[in-house]
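Colleague: run.txt is reproduced in full below (compact mmCIF, C-alpha atoms and all ligand atoms).
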# COMPACT_ATOMS: atom_id res chain seq x y z
CA MET A 77 16.32 8.31 -18.03
CA THR A 78 17.38 10.56 -15.17
CA THR A 79 15.42 12.85 -12.93
CA LEU A 80 17.26 16.11 -12.47
CA PRO A 81 16.18 18.31 -9.57
CA VAL A 82 15.88 21.97 -10.59
CA VAL A 83 13.76 23.60 -7.87
CA GLN A 84 13.45 27.14 -9.13
CA LYS A 85 10.63 29.64 -9.01
CA ILE A 86 9.12 29.75 -12.48
CA LEU A 87 9.24 33.52 -12.73
CA SER A 88 12.69 33.93 -11.21
CA ALA A 89 13.97 35.81 -14.28
CA ASN A 90 11.23 38.41 -13.79
CA ASP A 91 11.88 38.46 -10.03
CA ALA A 92 15.55 39.29 -10.63
CA ILE A 93 14.63 42.36 -12.69
CA ALA A 94 12.00 43.31 -10.10
CA ALA A 95 14.80 43.34 -7.53
CA GLU A 96 16.77 45.74 -9.78
CA ASN A 97 13.72 47.99 -10.02
CA ARG A 98 13.36 47.95 -6.26
CA ALA A 99 16.99 48.96 -5.88
CA ALA A 100 16.49 51.83 -8.36
CA LEU A 101 13.44 53.02 -6.42
CA ASP A 102 15.32 52.77 -3.14
CA ALA A 103 18.27 54.71 -4.55
CA ALA A 104 15.86 57.43 -5.65
CA GLY A 105 14.05 57.41 -2.30
CA ALA A 106 10.77 56.64 -4.01
CA LEU A 107 7.98 54.43 -2.71
CA GLY A 108 6.65 52.20 -5.49
CA VAL A 109 3.02 51.10 -5.39
CA ASN A 110 1.65 48.43 -7.74
CA VAL A 111 -2.04 49.26 -8.21
CA MET A 112 -3.98 46.14 -9.18
CA ALA A 113 -7.71 45.70 -9.77
CA SER A 114 -10.33 44.46 -12.22
CA PRO A 115 -11.03 46.63 -15.25
CA GLY A 116 -13.06 49.64 -14.16
CA ALA A 117 -12.69 49.19 -10.40
CA GLY A 118 -11.35 52.72 -10.20
CA LYS A 119 -7.55 52.54 -10.37
CA THR A 120 -7.26 55.73 -12.41
CA SER A 121 -9.92 57.47 -10.33
CA LEU A 122 -8.12 56.50 -7.12
CA ILE A 123 -4.76 57.77 -8.40
CA LEU A 124 -6.35 61.10 -9.39
CA ALA A 125 -8.30 61.45 -6.13
CA THR A 126 -5.15 60.58 -4.19
CA THR A 127 -2.96 63.16 -5.96
CA GLN A 128 -5.43 65.89 -5.16
CA ARG A 129 -4.96 65.15 -1.47
CA LEU A 130 -1.22 64.60 -1.26
CA PRO A 131 0.73 67.08 0.86
CA ALA A 132 2.46 69.85 -1.08
CA GLY A 133 6.04 68.99 -1.95
CA LEU A 134 5.50 65.25 -2.23
CA ARG A 135 6.61 64.44 -5.76
CA LEU A 136 4.36 61.97 -7.53
CA ALA A 137 4.88 60.11 -10.79
CA VAL A 138 2.69 57.54 -12.50
CA ILE A 139 3.22 54.57 -14.79
CA GLU A 140 0.09 53.64 -16.71
CA GLY A 141 -0.12 50.05 -17.86
CA ASP A 142 -2.78 49.31 -20.45
CA VAL A 143 -3.44 46.78 -23.15
CA ALA A 144 -3.57 49.56 -25.72
CA GLY A 145 -4.16 53.28 -26.03
CA SER A 146 -3.29 56.11 -23.70
CA ILE A 147 -6.63 57.29 -22.30
CA ASP A 148 -5.55 56.97 -18.66
CA ALA A 149 -2.10 58.49 -19.29
CA ASP A 150 -3.70 61.44 -21.09
CA THR A 151 -5.89 61.97 -18.04
CA MET A 152 -2.82 61.99 -15.79
CA ALA A 153 -0.86 64.29 -18.10
CA ALA A 154 -3.81 66.68 -18.23
CA ALA A 155 -3.71 66.79 -14.43
CA GLY A 156 -0.03 67.79 -14.66
CA ILE A 157 1.30 64.47 -13.38
CA PRO A 158 4.54 63.08 -14.87
CA VAL A 159 3.44 59.88 -16.53
CA VAL A 160 4.78 57.10 -18.70
CA GLN A 161 2.34 54.96 -20.62
CA ILE A 162 3.24 51.32 -21.17
CA ASN A 163 1.19 49.44 -23.73
CA THR A 164 1.41 45.72 -23.27
CA GLY A 165 0.12 45.08 -26.79
CA GLY A 166 -2.52 42.67 -25.55
CA GLY A 167 -0.64 41.30 -22.55
CA CYS A 168 -2.74 40.93 -19.43
CA HIS A 169 -0.21 42.26 -16.93
CA LEU A 170 2.81 44.51 -16.50
CA ASP A 171 6.10 42.78 -15.81
CA ALA A 172 9.40 43.87 -14.33
CA PRO A 173 11.20 44.54 -17.65
CA MET A 174 8.41 46.90 -18.74
CA VAL A 175 8.67 48.87 -15.51
CA ARG A 176 12.45 48.91 -15.80
CA SER A 177 12.19 50.59 -19.20
CA ALA A 178 9.93 53.29 -17.74
CA LEU A 179 11.95 54.19 -14.63
CA PRO A 180 14.70 56.25 -16.39
CA HIS A 181 11.99 58.53 -17.77
CA LEU A 182 10.70 59.39 -14.32
CA LEU A 183 13.16 58.88 -11.46
CA PRO A 184 15.95 61.32 -12.53
CA ALA A 185 13.66 64.35 -12.05
CA GLY A 186 12.96 63.36 -8.43
CA VAL A 187 10.10 61.16 -7.31
CA ASP A 188 8.85 60.40 -3.79
CA LEU A 189 5.87 58.29 -4.77
CA LEU A 190 5.51 56.17 -7.91
CA LEU A 191 2.05 54.79 -8.54
CA ILE A 192 2.00 52.02 -11.13
CA GLU A 193 -1.44 51.34 -12.59
CA ASN A 194 -1.34 47.72 -13.68
CA VAL A 195 -3.51 46.27 -16.43
CA GLY A 196 -7.08 45.64 -15.23
CA ASN A 197 -6.98 41.97 -14.22
CA LEU A 198 -7.48 40.13 -10.95
CA ILE A 199 -6.00 36.83 -12.04
CA CYS A 200 -2.30 37.03 -12.68
CA THR A 201 -1.00 40.55 -12.09
CA ALA A 202 0.28 39.66 -8.62
CA GLU A 203 2.36 36.77 -9.98
CA PHE A 204 4.58 39.19 -11.90
CA ALA A 205 6.57 41.20 -9.36
CA LEU A 206 7.41 44.71 -10.55
CA GLY A 207 9.73 45.74 -7.73
CA ALA A 208 7.16 47.96 -6.03
CA HIS A 209 7.26 48.19 -2.22
CA VAL A 210 3.50 48.02 -1.84
CA ASN A 211 0.94 45.80 -3.57
CA LEU A 212 -2.37 47.64 -3.59
CA VAL A 213 -5.48 45.70 -4.60
CA VAL A 214 -8.54 47.82 -5.36
CA GLY A 215 -11.96 46.23 -5.17
CA SER A 216 -15.21 48.06 -5.90
CA THR A 217 -18.75 47.50 -4.75
CA PRO A 218 -20.30 46.83 -8.21
CA GLU A 219 -18.00 43.79 -8.57
CA GLY A 220 -19.69 42.15 -5.59
CA HIS A 221 -18.38 41.10 -2.20
CA ASP A 222 -17.38 37.61 -3.37
CA LYS A 223 -14.21 38.72 -5.20
CA PRO A 224 -11.78 37.76 -2.38
CA TYR A 225 -13.31 34.26 -2.41
CA LYS A 226 -12.99 33.92 -6.18
CA TYR A 227 -9.57 35.55 -6.58
CA PRO A 228 -7.91 34.68 -3.26
CA GLY A 229 -4.42 34.74 -4.79
CA MET A 230 -4.70 38.45 -5.55
CA PHE A 231 -5.99 39.38 -2.13
CA ALA A 232 -3.37 37.21 -0.45
CA ALA A 233 -0.67 39.15 -2.30
CA ALA A 234 -1.99 42.55 -1.17
CA ASP A 235 -0.17 44.73 1.34
CA VAL A 236 -3.16 47.05 1.43
CA VAL A 237 -6.71 46.76 0.10
CA VAL A 238 -8.98 49.60 -1.01
CA LEU A 239 -12.69 49.07 -1.52
CA ASN A 240 -13.87 51.79 -3.88
CA LYS A 241 -17.35 53.02 -4.88
CA ALA A 242 -18.68 52.87 -1.33
CA ASP A 243 -21.25 55.46 -2.47
CA VAL A 244 -23.13 52.85 -4.50
CA ALA A 245 -22.75 49.88 -2.11
CA ALA A 246 -26.49 49.66 -1.44
CA VAL A 247 -27.38 49.59 -5.14
CA PHE A 248 -25.25 46.48 -5.57
CA ASP A 249 -26.35 44.70 -2.36
CA PHE A 250 -22.74 44.83 -1.31
CA ASP A 251 -22.09 43.02 1.99
CA LEU A 252 -19.04 44.76 3.47
CA ASP A 253 -18.66 42.22 6.29
CA ALA A 254 -18.50 39.35 3.82
CA PHE A 255 -15.93 41.22 1.72
CA GLN A 256 -13.75 41.97 4.72
CA ARG A 257 -13.98 38.39 6.02
CA GLY A 258 -12.98 37.15 2.57
CA VAL A 259 -9.90 39.38 2.58
CA ARG A 260 -9.06 38.36 6.15
CA MET A 261 -9.36 34.68 5.26
CA VAL A 262 -6.31 34.90 3.02
CA ASN A 263 -4.72 38.05 4.40
CA PRO A 264 -4.91 38.65 8.15
CA GLN A 265 -2.90 41.87 8.13
CA ALA A 266 -3.45 44.14 5.13
CA PRO A 267 -5.31 47.32 6.11
CA ILE A 268 -8.64 47.70 4.30
CA PHE A 269 -9.79 51.22 3.35
CA VAL A 270 -13.42 51.65 2.35
CA LEU A 271 -13.84 54.80 0.28
CA SER A 272 -15.45 56.56 -2.64
CA CYS A 273 -13.47 58.41 -5.27
CA ARG A 274 -16.74 60.03 -6.32
CA THR A 275 -17.71 61.56 -2.94
CA GLY A 276 -14.29 61.66 -1.31
CA GLU A 277 -15.60 59.68 1.66
CA GLY A 278 -12.83 57.65 3.31
CA LEU A 279 -10.05 59.06 1.13
CA GLU A 280 -8.33 60.94 3.92
CA ALA A 281 -7.53 57.81 5.94
CA TRP A 282 -6.15 56.10 2.83
CA VAL A 283 -3.97 59.08 1.86
CA ASP A 284 -2.68 59.38 5.44
CA TRP A 285 -1.65 55.72 5.33
CA LEU A 286 0.05 56.18 1.96
CA VAL A 287 1.95 59.30 3.01
CA ALA A 288 3.13 57.54 6.18
CA ALA A 289 4.34 54.62 4.05
CA CYS A 290 6.17 57.12 1.80
CA HIS A 291 7.95 58.71 4.72
CA ALA A 292 8.90 55.37 6.21
CA GLU A 293 10.35 54.35 2.84
CA GLY A 294 12.17 57.65 2.28
CA ARG A 295 13.85 57.30 5.64
CA ARG A 296 14.88 53.77 4.91
CA SER A 297 16.65 54.82 1.71
CA ILE A 298 18.66 57.62 3.33
CA PRO A 299 22.14 56.23 3.98
CA VAL A 300 22.87 56.03 7.71
CA MET B 206 14.20 56.34 -26.20
CA HIS B 207 15.78 57.20 -22.91
CA ARG B 208 15.38 60.90 -23.26
CA ARG B 209 14.44 62.54 -20.03
CA CYS B 210 10.82 63.46 -19.93
CA MET B 211 8.79 64.60 -17.01
CA GLY B 212 5.77 65.48 -19.06
CA ARG B 213 4.38 62.50 -20.77
CA CYS B 214 5.76 59.69 -22.81
CA CYS B 215 4.68 56.40 -24.19
CA LEU B 216 6.53 53.12 -24.28
CA VAL B 217 5.13 50.42 -26.45
CA GLU B 218 6.19 46.93 -25.57
CA PRO B 219 4.45 44.90 -28.23
CA ARG B 220 4.59 41.32 -27.09
CA ASN B 221 2.30 38.53 -27.90
CA ASP B 222 1.59 37.39 -24.37
CA PHE B 223 -2.14 37.71 -24.63
CA MET B 224 -2.57 35.41 -21.70
CA HIS B 225 -0.23 35.15 -18.78
CA GLU B 226 0.17 31.44 -19.47
CA LEU B 227 2.37 32.30 -22.46
CA PRO B 228 5.17 34.16 -20.63
CA VAL B 229 4.88 31.66 -17.78
CA THR B 230 5.32 28.80 -20.25
CA GLN B 231 8.29 30.51 -21.86
CA ALA B 232 9.88 30.84 -18.40
CA ILE B 233 9.27 27.14 -17.70
CA LEU B 234 10.82 26.19 -21.03
CA ASP B 235 13.87 28.45 -20.59
CA THR B 236 14.57 27.13 -17.10
CA ALA B 237 14.18 23.50 -18.16
CA LEU B 238 16.36 23.95 -21.25
CA SER B 239 19.22 25.57 -19.38
CA ALA B 240 19.15 22.83 -16.72
CA ALA B 241 19.11 20.14 -19.44
CA GLN B 242 21.96 21.74 -21.38
CA GLN B 243 24.09 21.98 -18.23
CA ALA B 244 23.49 18.29 -17.64
CA GLY B 245 24.33 17.46 -21.24
CA ALA B 246 20.94 15.88 -21.81
CA ALA B 247 19.87 14.63 -25.24
CA ARG B 248 16.27 15.53 -24.62
CA ILE B 249 13.75 16.45 -21.96
CA VAL B 250 11.09 13.81 -21.43
CA ALA B 251 9.04 15.45 -18.71
CA ILE B 252 8.91 18.55 -16.54
CA ASP B 253 7.53 18.49 -13.01
CA LEU B 254 5.84 21.63 -11.76
CA VAL B 255 4.39 22.48 -8.38
CA ILE B 256 1.57 24.98 -8.73
CA GLY B 257 -0.51 26.30 -5.85
CA GLU B 258 -4.29 26.23 -6.20
CA LEU B 259 -4.46 29.98 -5.59
CA SER B 260 -2.15 30.81 -8.50
CA GLY B 261 -4.66 31.17 -11.34
CA LEU B 262 -2.75 29.10 -13.88
CA VAL B 263 -4.64 26.92 -16.35
CA ASP B 264 -2.83 23.60 -16.94
CA ASP B 265 -4.23 22.89 -20.40
CA SER B 266 -3.35 26.32 -21.60
CA VAL B 267 0.27 25.96 -20.42
CA GLN B 268 0.60 22.59 -22.18
CA PHE B 269 -0.90 24.12 -25.33
CA TYR B 270 1.66 26.92 -25.42
CA PHE B 271 4.41 24.54 -24.41
CA ASP B 272 3.82 22.27 -27.38
CA ILE B 273 4.23 25.27 -29.69
CA LEU B 274 7.18 26.95 -27.95
CA SER B 275 9.18 23.76 -27.46
CA GLN B 276 9.19 22.78 -31.14
CA GLY B 277 12.71 22.23 -32.36
CA THR B 278 14.17 22.29 -28.85
CA LEU B 279 15.39 19.55 -26.53
CA ALA B 280 12.02 19.76 -24.83
CA GLN B 281 9.91 19.02 -27.89
CA GLY B 282 7.32 16.42 -26.96
CA ALA B 283 8.00 16.69 -23.23
CA ALA B 284 5.09 16.16 -20.87
CA LEU B 285 4.29 18.80 -18.30
CA ARG B 286 3.30 17.19 -15.04
CA PHE B 287 1.42 19.51 -12.74
CA GLN B 288 1.39 18.80 -9.09
CA ARG B 289 -1.37 21.02 -7.72
CA GLN B 290 -0.75 22.17 -4.15
CA PRO B 291 -3.99 22.89 -2.33
CA ALA B 292 -4.28 25.81 0.01
CA ARG B 293 -4.98 24.82 3.61
CA ALA B 294 -7.91 26.34 5.44
CA ARG B 295 -8.28 26.38 9.20
CA CYS B 296 -11.38 27.33 11.14
CA LEU B 297 -10.56 29.88 13.83
CA THR B 298 -13.68 28.84 15.77
CA CYS B 299 -13.47 25.03 15.93
CA GLY B 300 -9.94 24.38 14.69
CA HIS B 301 -11.06 22.15 11.79
CA SER B 302 -8.44 22.06 9.06
CA TYR B 303 -9.07 21.22 5.38
CA ASP B 304 -7.90 21.71 1.77
CA ALA B 305 -9.27 24.74 -0.02
CA ALA B 306 -9.44 25.91 -3.65
CA PRO B 307 -11.16 28.88 -5.29
CA PRO B 308 -13.89 29.85 -5.05
CA LEU B 309 -13.29 29.61 -1.31
CA ALA B 310 -16.35 28.61 0.68
CA PRO B 311 -17.23 31.33 3.16
CA PHE B 312 -18.21 28.84 5.90
CA CYS B 313 -16.35 26.17 7.86
CA PRO B 314 -17.60 22.77 6.62
CA ALA B 315 -17.52 21.43 10.20
CA CYS B 316 -19.15 24.15 12.29
CA GLY B 317 -20.37 26.83 9.86
CA SER B 318 -18.17 29.56 11.31
CA VAL B 319 -17.17 32.40 8.99
CA HIS B 320 -13.85 32.98 10.74
CA LEU B 321 -11.38 31.13 8.58
CA GLN B 322 -7.71 31.33 7.79
CA VAL B 323 -6.30 30.15 4.47
CA THR B 324 -2.57 29.58 4.07
CA GLY B 325 -0.35 28.33 1.26
CA GLY B 326 -1.50 27.53 -2.26
CA ARG B 327 0.71 30.14 -3.93
CA GLN B 328 3.60 27.92 -5.04
CA PHE B 329 4.85 28.52 -8.56
CA GLN B 330 7.84 26.32 -8.98
CA LEU B 331 9.70 24.05 -11.35
CA GLU B 332 10.69 21.00 -9.30
CA SER B 333 12.62 18.72 -11.61
CA ILE B 334 13.05 17.56 -15.19
CA GLU B 335 13.27 14.04 -16.48
CA ILE B 336 15.98 13.78 -19.12
CA ASP B 337 17.19 11.24 -21.61
CA ASP B 338 20.97 11.03 -21.65
CA HIS B 339 21.24 8.89 -24.79
CA PRO B 340 21.56 11.04 -27.94
CA THR B 341 19.54 8.62 -30.09
CA GLY B 342 16.70 8.49 -27.59
CA SER B 343 16.96 4.70 -27.90
CA ALA B 344 15.77 3.98 -24.37
CA GLU B 345 12.25 4.33 -23.06
CA ASP B 346 9.94 6.62 -24.92
CA SER B 347 7.66 7.24 -22.02
CA GLU B 348 4.84 9.72 -21.48
CA ARG B 349 3.09 11.30 -24.42
N1 LIG C 401 -20.07 55.70 -8.29
C1 LIG C 401 -18.74 55.68 -8.36
N2 LIG C 401 -18.13 55.55 -9.56
C2 LIG C 401 -16.78 55.55 -9.57
C3 LIG C 401 -16.00 55.69 -8.39
N3 LIG C 401 -14.69 55.62 -8.74
C4 LIG C 401 -14.66 55.45 -10.08
N4 LIG C 401 -15.91 55.42 -10.60
C5 LIG C 401 -16.28 55.26 -12.01
O1 LIG C 401 -15.90 53.95 -12.44
C6 LIG C 401 -15.51 53.97 -13.82
C7 LIG C 401 -14.14 53.35 -13.99
O2 LIG C 401 -13.18 54.11 -13.28
P1 LIG C 401 -11.63 54.09 -13.66
O3 LIG C 401 -10.94 54.92 -12.65
O4 LIG C 401 -11.45 54.45 -15.08
O5 LIG C 401 -11.30 52.56 -13.46
P2 LIG C 401 -9.95 51.78 -13.82
O6 LIG C 401 -9.81 50.72 -12.80
O7 LIG C 401 -8.83 52.74 -13.95
O8 LIG C 401 -10.31 51.17 -15.23
P3 LIG C 401 -9.32 50.50 -16.31
O9 LIG C 401 -8.04 51.26 -16.29
O10 LIG C 401 -10.05 50.63 -17.59
O11 LIG C 401 -9.16 49.08 -15.87
C8 LIG C 401 -15.55 55.45 -14.23
O12 LIG C 401 -16.76 55.68 -14.92
C9 LIG C 401 -15.52 56.18 -12.92
O13 LIG C 401 -16.16 57.44 -12.97
C10 LIG C 401 -16.69 55.83 -7.15
O14 LIG C 401 -16.11 55.95 -6.06
N5 LIG C 401 -18.06 55.81 -7.19
MG MG C 402 -7.48 53.01 -15.54
ZN ZN C 403 -15.30 25.34 12.28
If you convert what's in this file into structure tokens, what do you get?
Ligand SMILES: Nc1nc2c(ncn2[C@@H]2O[C@H](COP(=O)(O)OP(=O)(O)OP(=O)(O)O)[C@@H](O)[C@H]2O)c(=O)[nH]1
Ligand SMILES: [Mg+2]
Ligand SMILES: [Zn+2]

Modeller:
Amino acid sequence: MTTLPVVQKILSANDAIAAENRAALDAAGALGVNVMASPGAGKTSLILATTQRLPAGLRLAVIEGDVAGSIDADTMAAAGIPVVQINTGGGCHLDAPMVRSALPHLLPAGVDLLLIENVGNLICTAEFALGAHVNLVVGSTPEGHDKPYKYPGMFAAADVVVLNKADVAAVFDFDLDAFQRGVRMVNPQAPIFVLSCRTGEGLEAWVDWLVAACHAEGRRSIPV
Amino acid sequence: MHRRCMGRCCLVEPRNDFMHELPVTQAILDTALSAAQQAGAARIVAIDLVIGELSGLVDDSVQFYFDILSQGTLAQGAALRFQRQPARARCLTCGHSYDAAPPLAPFCPACGSVHLQVTGGRQFQLESIEIDDHPTGSAEDSER
């Protein structure tokens, strides 16, 4: 009997394809954003509200990840947004190979910002890197302020956090301080945007941040 | 499939990974098998994994899938040994340091402060495999 050291990240095969996706995004000058949240937190609503406020000329595309169906992709297409629907056939997360298969449908036409709506799930989506530049975790007030304490792995993986449905915070006894402290406990740096896709409150600051991130990324991908 | 389409298109990737433990288990098995084959092992007896407490992986579920996926491979019957790595919490008020696991307590157990910092706990790694080098498996038949 021999003990053989291996020491390898379990999902290194996925990570390798995620790195390819990142290179494809960089070559296209596109900023990739992995949008993660519980079911119903408002991922689709946030993408739609965001597109309505993007500066003219910024080319957006969307990948919709869902267990089944194309409800969210139909919504995007109806809004005139280039979209690819990925059905995971029951799988609880998108992975890098799925995103890789979608990129050739979108990038060749020119994309500055690619929003990837992951499957609604706060447990494992962050473990499967997609190659996006930004991990966005969306919380919402009806879920309660304890989510960062219960799903710390997700919030630790976030580069930016949005708290949606601020309009109904009072109805759900939502304690914003507790939520923010929970995020800070595992993630000292990620900016937290409190907003409402319903009323539009707080959306401007979020969109400004996103557009700035886009420009920073675009510049990085221009050969010096 | 790779027609150019800026309007709308649908990719179906039907895969039976209903829970994330299934693709994770497949990745563990693939990595262990390729390491064992390179070493010319007759069979894999055990697999050591280091999993952070913040990673949301259910041990029993991984072992369940593993027993199915590993059938007919060198890893059939291998034991998965999980070494859980706790996250470390530190109180920014009193400096007290302790192990943490979800759900994270919102207060410092020493002074009650709500200003806490949690680090680590996100490991997701295959550390080593224990292999049997004798083709007949004559030696020890340890673990399960
Ligand atoms: N009150 C309120 N409702 C909202 C807000 N944003 C979204 N909703 C509602 O929340 C519900 C879910 O929104 P979606 O955008 O579909 O959520 P999702 O995260 O994309 O959901 P899945 O893709 O199914 O996981 C819808 O009924 C929205 O109208 C908000 O800011 N305030
Ligand atoms: Mg949606
Ligand atoms: Zn303390």

Colleague: Can you tell me how far atom O7 of ligand LIG 401 (chain C) sits from CA of Ala117 in chain A, in Å to one decimal?

Modeller: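 Straight-line distance from atom O7 of ligand LIG 401 (chain C) to CA of Ala117 in chain A works out to 6.3 Å.
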
Colleague: Using all atoms listed in the file, find each residue with an atom at most 12 Å away from ligand ZN 403 (chain C) and format the answer as a ChimeraX atom specification.

Modeller: /B:294-303,311-322

Colleague: At a cut-off of 9 Å and counting all atoms listed in the file, what residues surround ligand LIG 401 (chain C)? Please answer as a PyMOL selection string.

Modeller: chain A and resi 112-124+140-142+147-148+193-197+214+216-218+239-245+271-277

Colleague: Which residues are close to Val323 in chain B, i.e. within 6 Å by only C-alpha atoms, leaving aside same-chain residues fewer than 2 positions away? Reply as a PDB file with C-alpha atoms, keeping the file's coordinate frame.

Modeller:
ATOM      1  CA  MET A 261      -9.360  34.680   5.260  1.00  0.00           C
ATOM      2  CA  VAL A 262      -6.310  34.900   3.020  1.00  0.00           C
TER       3      VAL A 262
ATOM      4  CA  ARG B 293      -4.980  24.820   3.610  1.00  0.00           C
ATOM      5  CA  ALA B 294      -7.910  26.340   5.440  1.00  0.00           C
TER       6      ALA B 294
END

Colleague: Near Gly257 in chain B, counting all atoms listed in the file, which residues have an atom at most 8 Å away, once you skip same-chain residues fewer than 3 positions from it, shown as an MDAnalysis selection string?

Modeller: chainID B and resid 260 289:292 325:329

Colleague: What does the structure give for the distance between CA of Cys215 in chain B and CA of Arg176 in chain A, in Å to one decimal?

Modeller: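 Those two atoms sit 13.7 Å apart.
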
Colleague: I'd like the contact shell of range 229-238 of chain B - 8 Å cut-off, all atoms listed in the file, skipping same-chain residues fewer than 2 positions apart - returned as a list of chain:residue names.

Modeller: A:Val82, A:Ile86, A:Leu87, A:Ala89, B:His225, B:Glu226, B:Leu227, B:Ala240, B:Ala241, B:Gln242, B:Ile249, B:Ile252, B:Val267, B:Tyr270, B:Phe271, B:Leu274, B:Ser275, B:Leu279, B:Ala280, B:Leu331, B:Ile334

Colleague: Taking all atoms listed in the file into account, which of A:Leu130, A:Ala92, A:Ala208, A:Leu107 comes nearest Glu280 in chain A?

Modeller: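 For Glu280 in chain A, the nearest of the candidates is A:Leu130.
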
Colleague: Which is closer to chain A than all the others in B:Leu216, B:Leu285, B:Leu254, B:Ala246, using all atoms listed in the file?

Modeller: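 The answer is B:Leu216, which sits nearest to chain A.
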
Colleague: So how many Å separate CA of Gly215 in chain A and CA of Ala310 in chain B, to one decimal?

Modeller: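 So the answer is 19.1 Å.
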
Colleague: Determine the nearest neighbour of Gly105 in chain A from the options A:Val236, A:Ala288, A:Leu183, A:Ile157, counting only C-alpha atoms.

Modeller: A:Leu183

Colleague: Which is closer to ligand MG 402 (chain C) than all the others in A:Asn90, A:Thr151, A:Asn110, A:Gln84, using only C-alpha atoms and all ligand atoms?

Modeller: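 Residue with the minimum atom-to-atom distance to ligand MG 402 (chain C): A:Thr151.
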